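The structure appears right after this line, and notes come after that.
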Amino acid sequence: NCFDLVLADQMIQENQVVIRNNLVLSPDEHILVLTGPNQGGKTTYARMIGQVFYLASLGILVPGSAVTLFLPDRIFTHFERQESQETLNGKLKDDIVRIHDILQKVTENSLILINEMFSSTTLRDAAWLGKKIFNDIDRIGCLCLYVTFINELSTYLPGTVSLISQIGEDGEKRTYQIIRAGSDGKAYASSMVKKYALTYEAIQERIGSGR
C-alpha cells in the first residue's frame with residue numbers, strides 16, 4: 001500500500017483516488033525489471049521506492065501501511081535528463097558515464113534506481129549495454145530497480161523479478177497498478193494498436209469507407 005507522496009498530494013487536492021502499490025521480495029531477489037506501456041506509472045513507482053527508502057533512512061514515517069526495509073548505505077538514481085551543454089556529451093555517452101560512476105561507488109548494501117536508460121540508442125545496443133550492467137549489479141549484490149522498454153532484460157539473469165504496469169481490459173486505460181508478472185510486450189503493443197486505430201476492425205472500416 002505504498003504511494004508517491006508528491007503525486008498523492010496532488011490527487012488529494014483534486015479529489016482523486018490515490019493509487020497504492022505493493023512489493024514483496026525474498027532474500028535472494030535483488031534485481032527488479034519494470035516494463036509496460038508509456039504513461040503506465042513506471043516512473044512514479046520508481047520514485048515511490050526511492051522515497052520510501054530515503055524517508056526510512058531519515059527515521060521518518062513512510063507512505064505505506066506495512067513496510068519492512070533494510071537500511072541502505074547510499075541511494076543512487078539514474079533518471080533520464082537533457083543533454084548537457086557544459087560537457088558537450090551526447091545522451092548515450094552521458095548515460096554511460098553516469099552509470100559507470102554509480103557502479104564504481106555502489107556496494108551490496110546500496111539501492112540503485114534506473115529509469116529508461118539508453119533510450120537514445122538502438123534496441124539491440126540498449127539490450128547489450130543493459131546486460132553488461134546487470135552482470136555488474138548481480139556481482140555486487142545490491143538492490144536495483146531497472147525501469148526499461150527492453151522486455152528481454154527481465155529474463156536475462158536467473159532470479160530477476162519481472163514487474164509490469166497493468167492496463168485495463170480495454171487494452172488502453174492505465175490502471176497504474178504494478179504487479180509481478182512475466183514481460184511479453186503484449187500490453188504495450190495492444191495499447192499502441194488501439195491508440196493509432198490499427199485494430200482489424202478499424203482498418204476494415206477505413207478500407208470500406210475508402211479512407
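By convention in this document, the chains of the C-alpha cells carry letters A, B, ... by their order, each chain's residues are numbered from 1, and ligands are numbered from 1 in the order they are shown.
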
Q.
Set the distance at 8 Å and use only C-alpha atoms: which residues neighbour Asn22 in chain A once local chain neighbours fewer than 6 positions away are removed? I'd like the list as a VMD selection string.
A. chain A and resid 1 to 2 178 to 179

Written selection (all heavy atoms) as a short mmCIF file (atom, residue, chain, number, x, y, z; two decimals), in the first residue's frame:
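Heads up, here's the output in selection.cif:
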data_model
loop_
_atom_site.label_atom_id
_atom_site.label_comp_id
_atom_site.auth_asym_id
_atom_site.auth_seq_id
_atom_site.Cartn_x
_atom_site.Cartn_y
_atom_site.Cartn_z
N ASN A 1 0.81 -1.22 0.00
CA ASN A 1 0.00 0.00 0.00
C ASN A 1 0.85 1.27 0.00
O ASN A 1 0.50 2.25 0.66
CB ASN A 1 -0.96 0.01 1.19
CG ASN A 1 -2.07 -1.00 1.05
OD1 ASN A 1 -2.58 -1.22 -0.05
ND2 ASN A 1 -2.44 -1.64 2.14
N CYS A 2 1.95 1.25 -0.71
CA CYS A 2 2.82 2.43 -0.79
C CYS A 2 2.40 3.33 -1.96
O CYS A 2 1.71 2.89 -2.88
CB CYS A 2 4.28 2.02 -0.95
SG CYS A 2 4.94 1.16 0.49
N ILE A 178 1.20 -1.88 -10.39
CA ILE A 178 2.42 -2.60 -10.76
C ILE A 178 2.37 -3.97 -10.11
O ILE A 178 2.21 -4.08 -8.89
CB ILE A 178 3.68 -1.85 -10.28
CG1 ILE A 178 3.63 -0.37 -10.73
CG2 ILE A 178 4.94 -2.54 -10.77
CD1 ILE A 178 3.62 -0.17 -12.22
N ILE A 179 2.48 -5.03 -10.91
CA ILE A 179 2.37 -6.38 -10.38
C ILE A 179 3.56 -7.23 -10.83
O ILE A 179 4.26 -6.89 -11.79
CB ILE A 179 1.06 -7.07 -10.84
CG1 ILE A 179 1.08 -7.25 -12.36
CG2 ILE A 179 -0.15 -6.28 -10.38
CD1 ILE A 179 -0.02 -8.15 -12.86
#

Q: Name all residues at most 8 Å from Gly41 in chain A (count only C-alpha atoms; drop same-chain ones fewer than 6 positions away) and give them as an MDAnalysis selection string.
A: chainID A and resid 165 176:178

Q | Atomic separation - CA of Pro63 in chain A relative to CA of Phe3 in chain A, Å | A |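 These atoms are spaced 5.9 Å apart.
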
Q. What are the DSSP alpha helix (DSSP H) residues of range 10-114 of chain A, as a ChimeraX atom specification?
A. /A:10-13,42-57,91-105

Once you count only C-alpha atoms, what closest atom pair and distance in Å to one decimal does each residue of range 34-57 of chain A within 12 Å of range 137-144 of chain A have, with rows by chain and rising residue number, as JSON lines?
{"residue": "A:Leu34", "atom": "CA", "partner": "A:Cys144", "partner_atom": "CA", "distance": 10.6}
{"residue": "A:Ala46", "atom": "CA", "partner": "A:Cys144", "partner_atom": "CA", "distance": 10.2}
{"residue": "A:Ile49", "atom": "CA", "partner": "A:Cys144", "partner_atom": "CA", "distance": 10.4}
{"residue": "A:Gly50", "atom": "CA", "partner": "A:Cys144", "partner_atom": "CA", "distance": 10.8}
{"residue": "A:Phe53", "atom": "CA", "partner": "A:Leu143", "partner_atom": "CA", "distance": 11.4}

Q: Could you tell me which of A:Met117, A:Ile31, A:Glu205, A:Ile133 comes closest to Thr148 in chain A if we count only C-alpha atoms?
A: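 The answer is A:Met117, which sits nearest to Thr148 in chain A.
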
Q: Write out as a PyMOL selection string which residues come within 12 Å of Ala66 in chain A when counting only C-alpha atoms, dropping same-chain ones fewer than 4 positions away.
A: chain A and resi 1-2+20-24+52+61-62

**Q.** Secondary structure check, strand (DSSP E) residues of range 23-138 of chain A, as a PyMOL selection string
**A.** chain A and resi 31-35+75-78+111-115

Limited to N, CA and C atoms, could you put the picked residues into a file as a short mmCIF file (atom, residue, chain, number, x, y, z; two decimals), in the first residue's frame?
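Saved to selection_1.cif:
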data_model
loop_
_atom_site.label_atom_id
_atom_site.label_comp_id
_atom_site.auth_asym_id
_atom_site.auth_seq_id
_atom_site.Cartn_x
_atom_site.Cartn_y
_atom_site.Cartn_z
N ILE A 31 17.37 -7.89 -8.09
CA ILE A 31 17.27 -7.16 -9.35
C ILE A 31 15.82 -7.19 -9.82
N LEU A 32 15.22 -6.01 -9.97
CA LEU A 32 13.83 -5.88 -10.40
C LEU A 32 13.79 -5.17 -11.74
N VAL A 33 13.07 -5.73 -12.69
CA VAL A 33 12.92 -5.11 -14.02
C VAL A 33 11.46 -4.75 -14.21
N LEU A 34 11.19 -3.46 -14.41
CA LEU A 34 9.83 -2.97 -14.57
C LEU A 34 9.60 -2.53 -16.01
N THR A 35 8.64 -3.18 -16.68
CA THR A 35 8.30 -2.84 -18.05
C THR A 35 6.81 -2.52 -18.14
N ILE A 75 21.77 5.71 -1.71
CA ILE A 75 20.74 5.53 -2.74
C ILE A 75 21.22 6.24 -4.00
N PHE A 76 21.35 5.48 -5.08
CA PHE A 76 21.80 6.04 -6.36
C PHE A 76 20.64 6.06 -7.34
N THR A 77 20.52 7.14 -8.10
CA THR A 77 19.45 7.24 -9.08
C THR A 77 20.01 7.61 -10.45
N HIS A 78 19.42 7.02 -11.48
CA HIS A 78 19.79 7.34 -12.85
C HIS A 78 18.49 7.54 -13.63
N LEU A 111 21.15 0.94 -2.85
CA LEU A 111 19.95 0.87 -3.69
C LEU A 111 20.20 1.68 -4.95
N ILE A 112 19.90 1.08 -6.11
CA ILE A 112 20.03 1.79 -7.39
C ILE A 112 18.66 1.84 -8.06
N LEU A 113 18.26 3.02 -8.49
CA LEU A 113 17.02 3.21 -9.25
C LEU A 113 17.39 3.72 -10.64
N ILE A 114 17.08 2.94 -11.66
CA ILE A 114 17.43 3.29 -13.04
C ILE A 114 16.15 3.41 -13.84
N ASN A 115 15.99 4.54 -14.53
CA ASN A 115 14.74 4.80 -15.25
C ASN A 115 15.00 5.11 -16.72
#

Q: Compile the contact shell of range 126-130 of chain A as a PyMOL selection string: residues with an atom at most 12 Å away, counting only C-alpha atoms, same-chain residues fewer than 3 positions apart removed.
A: chain A and resi 33+92-93+95-96+99-100+114-123+133-137+146-157

Q. Which residue out of A:Leu55, A:Ala181, A:Val6, A:Val106 has the minimum interatomic distance to Ile164 in chain A when only C-alpha atoms are used?
A.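 Among A:Leu55, A:Ala181, A:Val6, A:Val106, it is A:Ala181 that comes nearest to Ile164 in chain A.
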
**Q.** Minimum-distance residue to Pro158 in chain A, chosen among A:His30, A:Lys42, A:Arg174, A:Arg98 (using only C-alpha atoms)
**A.**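 Of A:His30, A:Lys42, A:Arg174, A:Arg98, the one nearest Pro158 in chain A, counting only C-alpha atoms, is A:His30.
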
Q | Counting only C-alpha atoms, the residue of A:Gly36, A:Gly64, A:Gly59, A:Gly90 that sits nearest Ser162 in chain A | A |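 The shortest atom-to-atom distance to Ser162 in chain A comes from A:Gly36.
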
Q: Provide the CA of Thr160 in chain A to CA of Lys173 in chain A distance in Å, to one decimal place.
A: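 For CA of Thr160 in chain A relative to CA of Lys173 in chain A, the distance reads 27.4 Å.
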
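Across the structure, CA of Leu103 in chain A and CA of Gly40 in chain A are spaced 28.2 Å apart.
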